[in-house]
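Trainee: Have a look at the structure that comes next, please.
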Amino acid sequence: MPANDEARQKRADELYRIRHSTAHIMATAILEMFPDASLAIGPPIKDGFYYDFDLPRPISTDDFDEIESRMKNIVKDNQRFEHETWSKDEAREFFADQPFKLELIDRIEDPDVSIYKNGPFTDLCAGPHVRYTKKCKHFKLLKVAGAYWKGDENEPMLQRIYGTAWKTRDDLDRHLHMLEEAKRRDHRKLGKELELFGFDRLSPGSIFWRPKGWICYRQLKEYFRELEEQNRYIEIFNPLLYNKELYETSNRWDHYREHTFQFEQNEQTYCLKPMNCPDTMLFFSTKKRSYRELPLRVAEFDVLHRNELAGALSGATRVRQFMQDDAHIFCAEEQIYDEVVTLMAMIDETYQMLGLHYDLELSTRPDDFMGDVELWDSAEEMLEKALEDRGEPFRIHEGDGAFYGPKIDIQLRDSLGRSWQCGTIQLDFQMPRRFELTYTASDNSEQTPVVIHRAIAGSLERFFAILVEHFAGAFPTWLAPVQAVVIPITDEENDYAWEVGNMFRDAGIRVEVDDRTEKMGYKIREHETAKVPYMLVVGGREVEAGTVSVRIYSGGRRGTMKPAEVRDEIVEKVAERALDVEVEETVLTSATVEEDEVGSDMEERGY
Ligand SMILES: [Zn+2]
Ligand SMILES: [Zn+2]
């Protein structure tokens, strides 16, 4: 291992130990406050830790001061973490009144169990830990949430207290700042404040678009449609409802069954479509195809439904009804390279336009792959070459591809440094066979096309939610629901304000005229809160001179301008889809371990 990696590894391990140890310190404090508490598990997670407790009363954030001050005393006390190995019988005796620990002991396969002690606290624990509690000075408790024991709804509901812990005060402060920023930018909060979208219990997990949000959504969709037209895609529009048979033919049914809404009607089982792939295969098979038609690029913006568990729903980032910028490319084997190069150019154009950073990751043949090894090899070679030719670093996940083909995933990094899996370029050698698709090759033989499933944004709902947070609600002018507002200072200027407004509207600009008899300061603040890109104030002087006084959301005062000049500027920005806002970056953490992954890993290990 190179020295650098080793040092990095060591630092990472140290954070892991600090976080794990801070979880024990919190449990020590909780036992001081509630000697009868039952303890479940307390692992380190990304950026921090949690511990699950069964307590005599509900904990709230009001309790955090007391827990934290007890934790600080334990840190000051500088207790030593000591490791011991006990027989299971010893452990069972010690944890006799700790039912969850007893269950964990039973799940451990070794004859002995590992124990860590600090001060008065003893835990069943694989470690590792720091040596002294004074290493854990920089922590903060963040929230408390319900969590079922073993993640199982039939088991008792426990209280999970989350905290964050870092090596230095600076790291902690920076992380807390990032959390504040994330809260400020939260798309659920901004979605409500900016009247973009909402939710209703009568259709749980699906978005109710308000007029302003719907404008943004349509702009996004329109962009993708244009991009596809430029790249010679054709678009189809298929039904929402299918006989289950379609999905059984696709060979993905096992995977999608539990996430698909189904119902019985006329003694048939119908499904709300969870994906576009199978019905696009039907389109290909509607007539005899020739190699001259390939690559055939078929786009589809249909509504999809997935029956996500209520607990998994999260604002607009995970919803039950959504739409993708989805397309399927039918091509010959030797066309894969060119198609992938074109797709990467489309991805680049899109992400650059929005000021988003992204990484590409290649996933290759898994053990349970299906199909012809030679086809796999040559396809993987083409994908890798396309990635290499791009000249940017990329990651390879060996053996992580789907059984039906290798893929390139787009990992997007937002302005808070969080990582999202958005678009994908997924090769498929199986689905065209399942649907018996063929085309006539130049030598008159019948060949099976390769299918490329591809999306640049993925779910548009989720992509939009990411954009709301990325821009903190201050969209570039082309995407903003209201692009300009004209504000007369007194009634005297109303006619002129409307004249300017109508002139903008005629140019296709989304403009409002705010002629309410409110105070000027109030009106300006309101439009600032709404993050309107252009504010045009008109008073007597402006009417006289035939000008407007311009304020830009992202750039402050611009002075007086002729209305036609402002109009042309906006029209030009919209045509170019200019990125005319500053994207502030608060990149902090790069690790992307999901807390649930760590949690279940810990549980599997029996700790
Ligand atoms: Zn532990
Ligand atoms: Zn597909």
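By convention in this document, the chains of the structure tokens carry letters A, B, ... by their order, each chain's residues are numbered from 1, and ligands are numbered from 1 in the order they are shown.
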Would you list the residues that come within 7 Å of ligand 2? Count only C-alpha atoms and all ligand atoms and give the answer as a PyMOL selection string.

Mentor: chain A and resi 275-277+327-328+453-454

Trainee: Kindly export the residues of the current selection with C-alpha atoms, as a compact mmCIF listing (two decimals), in the first residue's frame.

Mentor:
# COMPACT_ATOMS: atom_id res chain seq x y z
CA MET A 275 -40.45 0.92 -16.09
CA ASN A 276 -40.46 1.70 -19.79
CA CYS A 277 -38.19 -1.05 -21.07
CA ALA A 327 -34.64 6.11 -23.77
CA HIS A 328 -33.64 2.81 -25.31
CA HIS A 453 -31.09 1.60 -21.52
CA ARG A 454 -30.06 5.16 -20.82

Trainee: For the contact check between chain A and ligand 1, emit one row per residue of chain A within 6 Å, containing the shortest atom pair and the distance in Å rounded to one decimal, counting only C-alpha atoms and all ligand atoms, chain then rising number order, as a Markdown table.

Mentor:
| residue | atom | partner | partner_atom_place_in_ligand_line | distance |
| --- | --- | --- | --- | --- |
| A:Gly42 | CA | ligand 1 | 1 (Zn) | 5.9 |
| A:Cys125 | CA | ligand 1 | 1 (Zn) | 4.2 |
| A:Gly127 | CA | ligand 1 | 1 (Zn) | 5.5 |

Trainee: Once DSSP has gone over the backbone, tell me which residues of region 193-224 of chain A are in strand (DSSP E or B), as a list in words.

Mentor: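 Filtering region 193-224 of chain A down to strand (DSSP E or B) leaves Phe197, Gly198, Phe208 and Trp209 of chain A.
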
Trainee: For the atom pair CA of Tyr162 (chain A) and CA of Arg188 (chain A), what is the interatomic distance in Å to one decimal place?

Mentor: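 Answer for the CA of Tyr162 (chain A) to CA of Arg188 (chain A) separation: 21.5 Å.
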
Trainee: A:Gln321, A:Thr560, A:Thr350, A:Arg92: which is nearest Ser203 (chain A), counting only C-alpha atoms?

Mentor: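 That would be A:Gln321, the residue with the smallest distance to Ser203 (chain A).
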
Trainee: Using only C-alpha atoms, can you tell me which of A:Ile234, A:Leu437, A:Ile570, A:Val319 comes closest to Leu282 (chain A)?

Mentor: A:Leu437

Trainee: Where in region 213-318 of chain A does DSSP assign helix (DSSP H, G or I), given as number ranges by chain?

Mentor: A: 213-230, 245-250, 253-259, 277-284, 291-293, 310-312

Trainee: Determine the nearest neighbour of Pro393 (chain A) from the options A:Ser445, A:Leu360, A:Pro204, A:Leu15, counting only C-alpha atoms.

Mentor: A:Leu360

Trainee: Using CA of Glu228 (chain A) and CA of Tyr404 (chain A) as the two end points, give the distance in Å to one decimal.

Mentor: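 These atoms are spaced 25.3 Å apart.
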